[in-house]
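Listing of query.csv; format and content: CSV, C-alpha atoms and all ligand atoms.
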```csv
chain,number,residue,atom,x,y,z
A,435,MET,CA,0.0,0.0,0.0
A,436,ASP,CA,1.1,3.5,-0.8
A,437,ILE,CA,1.9,6.1,1.9
A,438,SER,CA,-0.9,8.4,0.6
A,439,SER,CA,-3.5,5.6,1.1
A,440,ILE,CA,-3.3,5.5,4.9
A,441,LEU,CA,-5.8,7.5,6.9
A,442,GLN,CA,-6.7,5.2,9.7
A,443,GLY,CA,-3.5,6.0,11.7
A,444,GLY,CA,-5.1,9.3,12.5
A,445,TYR,CA,-8.2,8.1,14.3
A,446,GLN,CA,-7.3,4.9,16.3
A,447,HIS,CA,-8.0,6.3,19.7
A,448,PRO,CA,-11.1,8.1,21.1
A,449,LEU,CA,-9.1,11.2,21.7
A,450,SER,CA,-7.6,11.3,18.3
A,451,ARG,CA,-11.1,10.7,16.9
A,452,SER,CA,-12.3,13.7,18.8
A,453,TRP,CA,-9.6,15.9,17.2
A,454,GLN,CA,-11.1,15.1,13.7
A,455,GLY,CA,-14.0,17.5,14.2
A,456,ARG,CA,-13.3,21.2,14.0
A,457,ARG,CA,-15.7,21.6,16.9
A,458,GLN,CA,-17.3,19.2,19.4
A,459,LEU,CA,-20.8,19.2,20.9
A,460,THR,CA,-20.8,20.9,24.3
A,461,LYS,CA,-23.6,21.5,26.8
A,462,SER,CA,-23.6,25.3,26.1
A,463,MET,CA,-24.4,24.7,22.4
A,464,PHE,CA,-27.8,23.4,23.3
A,465,MET,CA,-30.9,25.6,23.8
A,466,TYR,CA,-33.9,23.8,25.1
A,467,PRO,CA,-37.4,24.6,23.6
A,468,ILE,CA,-40.1,24.5,26.3
A,469,PHE,CA,-43.8,25.0,26.2
A,470,ILE,CA,-45.5,27.2,28.8
A,471,THR,CA,-49.2,27.1,29.2
A,472,ASP,CA,-51.6,29.3,31.1
A,473,ASP,CA,-52.7,26.9,33.7
A,474,PRO,CA,-50.1,27.6,36.3
A,475,ASP,CA,-50.1,24.1,37.7
A,476,ALA,CA,-50.1,22.2,34.4
A,477,SER,CA,-47.8,19.3,33.6
A,478,VAL,CA,-49.4,17.8,30.6
A,479,VAL,CA,-47.7,15.1,28.4
A,480,ILE,CA,-47.4,16.0,24.7
A,481,SER,CA,-48.0,12.6,23.1
A,482,SER,CA,-46.3,13.4,19.8
A,483,LEU,CA,-43.1,14.7,21.5
A,484,PRO,CA,-41.6,11.9,23.6
A,485,GLY,CA,-40.7,13.1,27.1
A,486,GLN,CA,-41.9,16.7,26.5
A,487,ARG,CA,-44.7,18.4,28.4
A,488,ARG,CA,-46.7,21.6,28.6
A,489,TRP,CA,-45.7,23.3,31.8
A,490,GLY,CA,-47.4,25.8,34.0
A,491,VAL,CA,-45.2,28.5,35.7
A,492,ASN,CA,-45.6,26.9,39.1
A,493,GLN,CA,-43.9,23.8,37.8
A,494,LEU,CA,-40.8,25.6,36.4
A,495,GLU,CA,-38.8,25.3,39.6
A,496,SER,CA,-39.1,21.5,39.9
A,497,PHE,CA,-38.9,20.9,36.1
A,498,LEU,CA,-35.8,23.2,35.4
A,499,GLY,CA,-34.0,22.9,38.7
A,500,PRO,CA,-32.5,19.5,38.0
A,501,LEU,CA,-31.6,20.4,34.5
A,502,VAL,CA,-29.8,23.6,35.6
A,503,LYS,CA,-27.8,21.5,38.1
A,504,LYS,CA,-26.8,19.2,35.2
A,505,GLY,CA,-25.5,22.2,33.2
A,506,LEU,CA,-28.5,23.6,31.2
A,507,LYS,CA,-27.5,27.0,30.0
A,508,SER,CA,-30.4,28.3,27.9
A,509,VAL,CA,-34.1,27.8,27.1
A,510,ILE,CA,-36.4,29.1,24.4
A,511,LEU,CA,-40.0,29.7,25.5
A,512,PHE,CA,-43.1,29.0,23.5
A,513,GLY,CA,-46.4,30.2,24.9
A,514,VAL,CA,-49.4,27.9,24.7
A,515,PRO,CA,-52.5,29.9,25.7
A,516,LEU,CA,-55.5,27.7,26.2
A,517,ASN,CA,-57.8,29.8,28.3
A,518,CYS,CA,-57.7,33.1,26.5
A,519,GLU,CA,-59.5,35.0,23.8
A,520,LYS,CA,-57.5,34.9,20.5
A,521,ASP,CA,-58.1,37.7,18.0
A,522,GLY,CA,-56.8,39.1,14.7
A,523,ARG,CA,-53.7,40.8,16.1
A,524,GLY,CA,-52.6,38.1,18.6
A,525,THR,CA,-53.3,40.2,21.7
A,526,PRO,CA,-52.6,37.4,24.2
A,527,ALA,CA,-48.9,37.2,23.0
A,528,ASP,CA,-47.7,39.9,25.3
A,529,ASP,CA,-50.4,39.8,27.9
A,530,PRO,CA,-48.5,40.8,31.1
A,531,SER,CA,-50.4,38.0,32.9
A,532,GLY,CA,-49.9,35.5,30.1
A,533,PRO,CA,-47.7,32.5,30.2
A,534,VAL,CA,-44.6,33.8,28.4
A,535,ILE,CA,-44.2,37.1,30.4
A,536,GLN,CA,-45.0,35.3,33.6
A,537,ALA,CA,-42.4,32.5,32.8
A,538,ILE,CA,-39.7,35.0,31.9
A,539,LYS,CA,-40.1,36.8,35.3
A,540,LYS,CA,-40.3,33.5,37.2
A,541,ILE,CA,-37.2,32.0,35.6
A,542,ARG,CA,-35.2,35.2,36.1
A,543,LEU,CA,-35.9,35.0,39.8
A,544,LEU,CA,-35.4,31.2,40.2
A,545,PHE,CA,-32.4,30.7,37.9
A,546,PRO,CA,-30.6,34.0,37.4
A,547,SER,CA,-27.8,32.3,35.4
A,548,LEU,CA,-30.2,30.7,32.9
A,549,TYR,CA,-30.3,32.4,29.5
A,550,ILE,CA,-33.9,33.0,28.3
A,551,ALA,CA,-34.8,33.3,24.7
A,552,CYS,CA,-38.4,33.8,23.6
A,553,ASP,CA,-39.9,32.7,20.3
A,554,VAL,CA,-41.8,35.6,18.9
A,555,CYS,CA,-44.7,34.8,16.6
A,556,LEU,CA,-48.4,35.4,16.4
A,557,CYS,CA,-49.8,32.1,15.2
A,558,GLU,CA,-50.2,30.7,18.8
A,559,TYR,CA,-52.3,33.8,19.6
A,560,THR,CA,-54.3,34.8,16.5
A,561,SER,CA,-57.8,33.5,15.9
A,562,HIS,CA,-56.9,32.5,12.4
A,563,GLY,CA,-53.6,30.8,13.4
A,564,HIS,CA,-51.4,32.6,10.9
A,565,CYS,CA,-48.1,34.1,11.9
A,566,GLY,CA,-49.0,37.7,11.0
A,567,LEU,CA,-52.0,40.0,10.7
A,568,LEU,CA,-54.2,39.5,7.7
A,569,HIS,CA,-55.9,41.6,5.1
A,570,THR,CA,-59.7,41.0,4.8
A,571,ASP,CA,-59.0,38.7,1.8
A,572,GLY,CA,-56.9,36.4,4.0
A,573,THR,CA,-53.4,37.5,2.7
A,574,ILE,CA,-50.7,38.7,5.0
A,575,ASN,CA,-50.7,42.4,5.8
A,576,THR,CA,-47.0,43.0,6.3
A,577,LYS,CA,-46.7,46.5,7.7
A,578,PRO,CA,-49.0,46.1,10.8
A,579,SER,CA,-47.6,42.6,11.2
A,580,VAL,CA,-44.0,43.7,11.7
A,581,LEU,CA,-45.1,46.6,14.0
A,582,ARG,CA,-47.0,44.1,16.2
A,583,LEU,CA,-44.1,41.7,16.2
A,584,ALA,CA,-41.8,44.5,17.3
A,585,GLU,CA,-44.2,45.5,20.0
A,586,VAL,CA,-44.3,41.9,21.4
A,587,SER,CA,-40.5,41.7,21.2
A,588,VAL,CA,-40.1,44.9,23.2
A,589,ASN,CA,-42.5,43.6,25.8
A,590,TYR,CA,-40.6,40.3,26.2
A,591,ALA,CA,-37.3,42.2,26.4
A,592,LYS,CA,-38.7,44.6,29.0
A,593,ALA,CA,-39.9,41.5,31.1
A,594,GLY,CA,-36.3,40.3,31.1
A,595,ALA,CA,-35.8,38.1,28.1
A,596,HIS,CA,-32.1,37.9,27.1
A,597,CYS,CA,-33.0,37.1,23.5
A,598,VAL,CA,-36.0,37.3,21.2
A,599,ALA,CA,-36.3,35.0,18.2
A,600,PRO,CA,-38.9,36.0,15.6
A,601,SER,CA,-40.1,32.8,13.8
A,602,ASP,CA,-42.9,34.4,11.7
A,603,MET,CA,-41.0,35.1,8.4
A,604,MET,CA,-42.7,38.4,7.7
A,605,ASP,CA,-40.6,40.7,5.5
A,606,GLY,CA,-38.8,43.4,7.3
A,607,ARG,CA,-39.4,42.2,10.9
A,608,ILE,CA,-35.8,42.1,11.9
A,609,LYS,CA,-35.3,45.8,11.0
A,610,ALA,CA,-38.6,46.7,12.7
A,611,ILE,CA,-37.7,44.9,15.9
A,612,LYS,CA,-34.1,46.3,15.9
A,613,GLN,CA,-35.5,49.8,15.4
A,614,ALA,CA,-38.1,49.3,18.2
A,615,PHE,CA,-35.3,48.1,20.5
A,616,ILE,CA,-33.2,51.2,19.7
A,617,ASP,CA,-36.2,53.4,20.4
A,618,ALA,CA,-36.9,51.7,23.7
A,619,ASP,CA,-33.2,51.7,24.7
A,620,LEU,CA,-33.1,47.9,24.6
A,621,ALA,CA,-30.9,47.3,21.6
A,622,SER,CA,-27.7,46.6,23.6
A,623,LYS,CA,-29.6,44.6,26.2
A,624,CYS,CA,-31.5,42.0,24.2
A,625,THR,CA,-30.2,39.6,21.4
A,626,LEU,CA,-32.1,39.4,18.2
A,627,MET,CA,-32.0,35.8,16.8
A,628,SER,CA,-33.6,35.6,13.4
A,629,TYR,CA,-35.2,32.4,12.1
A,630,SER,CA,-33.8,33.6,8.8
A,631,ALA,CA,-34.0,30.5,6.6
A,632,LYS,CA,-37.2,28.9,7.9
A,633,PHE,CA,-38.7,26.5,5.4
A,634,ALA,CA,-42.3,25.4,4.9
A,635,SER,CA,-41.8,22.0,6.3
A,636,ALA,CA,-43.8,18.9,7.1
A,637,LEU,CA,-41.7,18.5,10.2
A,638,TYR,CA,-43.6,21.1,12.3
A,639,GLY,CA,-46.6,18.8,12.9
A,640,PRO,CA,-45.9,17.7,16.5
A,641,PHE,CA,-45.1,21.3,17.5
A,642,ARG,CA,-48.4,22.6,16.0
A,643,ASP,CA,-50.2,19.9,18.1
A,644,ALA,CA,-48.3,21.0,21.2
A,645,ALA,CA,-48.7,24.7,20.7
A,646,GLY,CA,-52.2,24.7,19.1
A,647,SER,CA,-50.8,26.9,16.3
A,648,ALA,CA,-52.0,25.2,13.1
A,649,PRO,CA,-53.5,27.7,10.7
A,650,SER,CA,-57.4,27.6,10.6
A,651,PHE,CA,-57.3,27.9,6.8
A,652,GLY,CA,-54.6,27.8,4.1
A,653,ASP,CA,-50.9,27.1,4.8
A,654,ARG,CA,-47.7,29.1,5.5
A,655,LYS,CA,-46.3,28.8,2.0
A,656,CYS,CA,-46.5,32.5,1.2
A,657,TYR,CA,-44.1,33.3,4.0
A,658,GLN,CA,-42.1,30.2,4.9
A,659,LEU,CA,-39.5,29.2,2.2
A,660,PRO,CA,-40.1,26.5,-0.4
A,661,PRO,CA,-37.9,23.5,0.4
A,662,THR,CA,-36.1,23.9,-2.9
A,663,ALA,CA,-35.3,27.5,-2.3
A,664,LYS,CA,-31.5,27.6,-1.8
A,665,GLY,CA,-31.2,31.1,-3.4
A,666,LEU,CA,-34.1,32.6,-1.4
A,667,ALA,CA,-32.6,31.2,1.8
A,668,ARG,CA,-29.2,32.8,1.0
A,669,ARG,CA,-31.0,36.1,0.3
A,670,ALA,CA,-33.0,35.9,3.5
A,671,ILE,CA,-29.8,35.3,5.5
A,672,GLN,CA,-28.0,38.2,3.9
A,673,ARG,CA,-31.0,40.5,4.4
A,674,ASP,CA,-31.4,39.6,8.0
A,675,MET,CA,-27.7,40.3,8.6
A,676,VAL,CA,-28.1,43.8,7.1
A,677,GLU,CA,-31.3,44.4,9.1
A,678,GLY,CA,-29.5,43.8,12.4
A,679,ALA,CA,-29.9,40.1,13.3
A,680,ASP,CA,-27.4,39.1,16.0
A,681,ILE,CA,-27.8,35.4,15.4
A,682,ILE,CA,-28.8,33.7,12.2
A,683,MET,CA,-30.9,30.5,12.3
A,684,VAL,CA,-31.7,27.7,9.8
A,685,LYS,CA,-34.8,25.6,10.4
A,686,PRO,CA,-35.4,22.6,10.2
A,687,ALA,CA,-31.9,21.3,10.5
A,688,LEU,CA,-31.2,17.8,9.2
A,689,PRO,CA,-32.8,18.1,5.7
A,690,TYR,CA,-31.2,21.6,5.3
A,691,LEU,CA,-27.5,20.9,6.2
A,692,ASP,CA,-26.5,22.6,2.9
A,693,ILE,CA,-28.3,25.7,3.9
A,694,ILE,CA,-26.5,25.6,7.3
A,695,SER,CA,-23.2,25.3,5.4
A,696,ASP,CA,-24.2,28.2,3.1
A,697,ALA,CA,-25.1,30.3,6.2
A,698,ALA,CA,-21.7,29.6,7.8
A,699,GLN,CA,-20.0,30.9,4.7
A,700,LEU,CA,-22.4,33.9,4.2
A,701,ALA,CA,-22.3,34.9,7.9
A,702,PRO,CA,-18.9,33.7,9.2
A,703,ASP,CA,-18.9,36.4,11.9
A,704,HIS,CA,-22.3,35.6,13.4
A,705,PRO,CA,-23.3,32.8,15.7
A,706,LEU,CA,-25.2,30.3,13.7
A,707,ALA,CA,-28.2,28.4,15.1
A,708,CYS,CA,-30.2,25.6,13.7
A,709,TYR,CA,-33.4,24.1,15.0
A,710,GLN,CA,-33.8,20.3,15.2
A,711,VAL,CA,-37.5,20.7,15.0
A,712,SER,CA,-40.3,18.6,16.6
A,713,GLY,CA,-40.7,16.3,13.6
A,714,GLU,CA,-37.0,15.6,13.4
A,715,PHE,CA,-37.0,14.7,17.1
A,716,ALA,CA,-40.1,12.5,16.6
A,717,MET,CA,-38.4,10.8,13.7
A,718,VAL,CA,-35.3,9.9,15.6
A,719,HIS,CA,-37.5,8.5,18.4
A,720,ALA,CA,-39.7,6.6,15.9
A,721,GLY,CA,-36.7,5.0,14.1
A,722,ALA,CA,-35.2,4.0,17.4
A,723,ALA,CA,-38.5,2.5,18.6
A,724,ALA,CA,-38.7,0.5,15.3
A,725,GLY,CA,-35.2,-0.9,15.9
A,726,VAL,CA,-33.6,1.0,13.0
A,727,TYR,CA,-30.8,2.4,15.2
A,728,ASP,CA,-29.8,3.2,18.7
A,729,LEU,CA,-31.5,6.4,20.0
A,730,LYS,CA,-28.4,7.9,21.6
A,731,THR,CA,-26.1,7.1,18.7
A,732,MET,CA,-28.5,8.7,16.2
A,733,ALA,CA,-29.1,11.7,18.4
A,734,PHE,CA,-25.3,12.3,18.3
A,735,GLU,CA,-25.0,11.6,14.6
A,736,THR,CA,-27.7,14.1,13.7
A,737,THR,CA,-26.5,16.9,15.9
A,738,GLU,CA,-22.8,16.3,15.1
A,739,SER,CA,-23.7,16.7,11.4
A,740,MET,CA,-25.2,20.1,12.2
A,741,VAL,CA,-22.0,21.2,13.9
A,742,ARG,CA,-20.0,19.8,11.0
A,743,ALA,CA,-22.1,21.9,8.6
A,744,GLY,CA,-21.3,25.0,10.7
A,745,ALA,CA,-23.9,25.4,13.4
A,746,THR,CA,-22.6,26.9,16.7
A,747,LEU,CA,-26.0,26.6,18.5
A,748,ILE,CA,-28.6,23.9,18.4
A,749,LEU,CA,-32.2,24.2,19.5
A,750,SER,CA,-33.2,20.7,20.4
A,751,TYR,CA,-35.7,18.7,22.4
A,752,PHE,CA,-32.8,16.3,23.1
A,753,THR,CA,-31.1,19.0,25.3
A,754,PRO,CA,-31.9,17.2,28.6
A,755,ASP,CA,-30.5,14.0,27.2
A,756,PHE,CA,-27.3,15.7,26.1
A,757,LEU,CA,-26.8,17.1,29.6
A,758,ASP,CA,-26.6,13.5,30.7
A,759,TRP,CA,-24.5,12.3,27.7
A,760,LEU,CA,-21.9,15.1,27.5
A,761,GLU,CA,-19.2,15.7,30.0
A,762,MET,CA,-18.9,19.4,29.4
B,1,LIG,N1,-44.1,30.1,14.0
B,1,LIG,C1,-44.4,29.1,14.9
B,1,LIG,C2,-43.3,28.1,15.1
B,1,LIG,N2,-42.3,28.4,15.8
B,1,LIG,C3,-41.5,27.2,15.9
B,1,LIG,C4,-42.1,26.2,15.1
B,1,LIG,C5,-41.7,24.8,14.9
B,1,LIG,C6,-40.9,24.2,15.9
B,1,LIG,C7,-40.9,22.7,15.9
B,1,LIG,O1,-41.5,22.1,15.0
B,1,LIG,O2,-40.2,22.1,16.8
B,1,LIG,C8,-43.2,26.8,14.6
B,1,LIG,C9,-44.2,26.0,13.7
B,1,LIG,C10,-44.6,26.6,12.5
B,1,LIG,O3,-44.0,27.6,11.9
B,1,LIG,O4,-45.7,26.2,12.0
B,2,ZN,ZN,-46.0,31.4,13.7
B,3,ZN,ZN,-42.9,30.6,16.2
```

Now, as a test, write the supplied structure out as structure tokens.
Amino acid sequence: MDISSILQGGYQHPLSRSWQGRRQLTKSMFMYPIFITDDPDASVVISSLPGQRRWGVNQLESFLGPLVKKGLKSVILFGVPLNCEKDGRGTPADDPSGPVIQAIKKIRLLFPSLYIACDVCLCEYTSHGHCGLLHTDGTINTKPSVLRLAEVSVNYAKAGAHCVAPSDMMDGRIKAIKQAFIDADLASKCTLMSYSAKFASALYGPFRDAAGSAPSFGDRKCYQLPPTAKGLARRAIQRDMVEGADIIMVKPALPYLDIISDAAQLAPDHPLACYQVSGEFAMVHAGAAAGVYDLKTMAFETTESMVRAGATLILSYFTPDFLDWLEM
């Protein structure tokens, strides 16, 4: 055999194998998505998301305490309002007594070191279930939508969120939120993480069950990106950088590794997040339950591929598992 044929000498030992990745998974790379509902004592199993629940604010101490002890560094909150009046502008989104604002305040008090991001969207709070405000003909009304999203973002930041993450995909919302932060003197206090390349995916099903956010008519194809749209995704990433995003996100993650890799090249100086979404998590579990692979091995392989593609931050329902699996 020729000298140039030999590669295996470089990865014979666990340590030398670990050197083969540019970066390794660490606990601080994981951000845990959690569902907060408006019954303060709730602890309700979400059947389509193994191990995940809808939590009431009174449960946060016993739910998050052990995870924080194991090294949980950040969470992203999703509000699930079940006992409120939804309307055309998503009024319950920033209700001071609603689940998200109550949870921000509670977590800040209970776990001062935990980083709190908040998903910002209107679909969980509008009567029609779309992510923005609508014209009377049912199409998106962009201008009032971005103003409303900015208002919600400011109210989350004022309540103590360290980061807001708009997932609505309305044009111009990053600029509108950044400007609203500047006007409210919050721009240097709150991170703006943009779901920049968010695709119209079949993988959001379990989330929409969990959050009660499925649209009451139509779909999200006029604002979320078509799965084939590599060029649009690149343009959306570049636009959001110009509009003031502090972190860029790609979502879903596994079917879009090429987009993560493009984002890493387009935004090399920004942190790059990806969201291993509800359907990806459910798929990994379903395959393991069917005996296709070992759950832990597959959880590592999928998230390591995201890091390899260029992600520096992973939003994942596997976060509690990785706190057990990773040493640091
Ligand atoms: N804008 C709502 C929202 N925010 C995050 C997710 C998906 C998260 C997941 O599937 O885990 C969705 C669903 C959607 O756009 O329909
Ligand atoms: Zn939405
Ligand atoms: Zn959202």

**OP:** Work out how far atom CA of A:Gly490 is from atom CA of A:Asp473, in Å to one decimal.
**Re:**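 It comes out at 5.4 Å.
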
List all protein, DNA and RNA residues that have at least one atom no more than 7 Å from any atom of ligand LIG 1 (chain B), counting only C-alpha atoms and all ligand atoms, and write them as a PDB file with C-alpha atoms, in the frame of the given file.
```
ATOM      1  CA  ASP A 553     -39.900  32.700  20.300  1.00  0.00           C
ATOM      2  CA  CYS A 555     -44.700  34.800  16.600  1.00  0.00           C
ATOM      3  CA  CYS A 557     -49.800  32.100  15.200  1.00  0.00           C
ATOM      4  CA  CYS A 565     -48.100  34.100  11.900  1.00  0.00           C
ATOM      5  CA  SER A 601     -40.100  32.800  13.800  1.00  0.00           C
ATOM      6  CA  ASP A 602     -42.900  34.400  11.700  1.00  0.00           C
ATOM      7  CA  LEU A 637     -41.700  18.500  10.200  1.00  0.00           C
ATOM      8  CA  TYR A 638     -43.600  21.100  12.300  1.00  0.00           C
ATOM      9  CA  GLY A 639     -46.600  18.800  12.900  1.00  0.00           C
ATOM     10  CA  PRO A 640     -45.900  17.700  16.500  1.00  0.00           C
ATOM     11  CA  PHE A 641     -45.100  21.300  17.500  1.00  0.00           C
ATOM     12  CA  ARG A 642     -48.400  22.600  16.000  1.00  0.00           C
ATOM     13  CA  SER A 647     -50.800  26.900  16.300  1.00  0.00           C
ATOM     14  CA  ALA A 648     -52.000  25.200  13.100  1.00  0.00           C
ATOM     15  CA  GLN A 710     -33.800  20.300  15.200  1.00  0.00           C
ATOM     16  CA  VAL A 711     -37.500  20.700  15.000  1.00  0.00           C
ATOM     17  CA  SER A 712     -40.300  18.600  16.600  1.00  0.00           C
ATOM     18  CA  GLY A 713     -40.700  16.300  13.600  1.00  0.00           C
TER      19      GLY A 713
END
```

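Atom CA of A:Gly524 to atom CA of A:Val554 spans 11.1 Å [interatomic distance, one decimal].
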
**OP:** Give me the residues within 9 Å of stretch 462-472 of chain A as a PyMOL selection string, counting only C-alpha atoms and dropping any in the same chain fewer than 3 places off.
**Re:** chain A and resi 459+475-476+486-491+505-518+531-534+537+549+551+644-645+746-754+756-757+762

**OP:** In Å, rounded to a single decimal, give me how far atom CA of A:Gln536 is from atom CA of A:Ala618.
**Re:**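 Between atom CA of A:Ala618 and atom CA of A:Gln536 the gap works out to 20.8 Å.
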
Subject >> Close residues, A:Ser695 itself excluded, 7 Å, all atoms listed in the file, min 4 positions apart in chain, as a ChimeraX atom specification >> reply: /A:691,699,743-744

**OP:** Identify which of the residues A:Ser482, A:Pro660, A:Met683, A:Ile550 lies closest to A:Ala720, counting only C-alpha atoms when measuring atom-to-atom distances.
**Re:**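 The closest residue to A:Ala720 is A:Ser482.
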
**OP:** Measuring atom to atom with only C-alpha atoms and all ligand atoms, identify which of A:Gln446, A:Gln658, A:Ser650, A:Ser481 is nearest to ligand ZN 3 (chain B).
**Re:**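 Counting only C-alpha atoms and all ligand atoms, the residue closest to ligand ZN 3 (chain B) is A:Gln658.
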
Original post:
Which one is closest to ligand ZN 3 (chain B): A:Ile682, A:Ile611, A:Leu556, A:Leu760? Count only C-alpha atoms and all ligand atoms.
Top reply: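 Answer, going by the shortest atom-to-atom distance: A:Leu556.
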
**OP:** Using only C-alpha atoms, pick whichever of A:Lys655, A:Lys520, A:Arg742, A:Lys592 has the shortest atom-to-atom distance to A:Ala698.
**Re:**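 Closest candidate: A:Arg742.
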
Subject >> Nearest-residue call for A:Asp528, choices A:Ala591, A:Leu548, A:Val726, A:Val502, using all atoms listed in the file >> reply: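 Among A:Ala591, A:Leu548, A:Val726, A:Val502, it is A:Ala591 that comes nearest to A:Asp528.
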
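With all atoms listed in the file as the basis for measurement, A:Asp653 is the residue among A:Glu585, A:Glu519, A:Asp653, A:Asp529 that approaches ligand ZN 2 (chain B) most closely.
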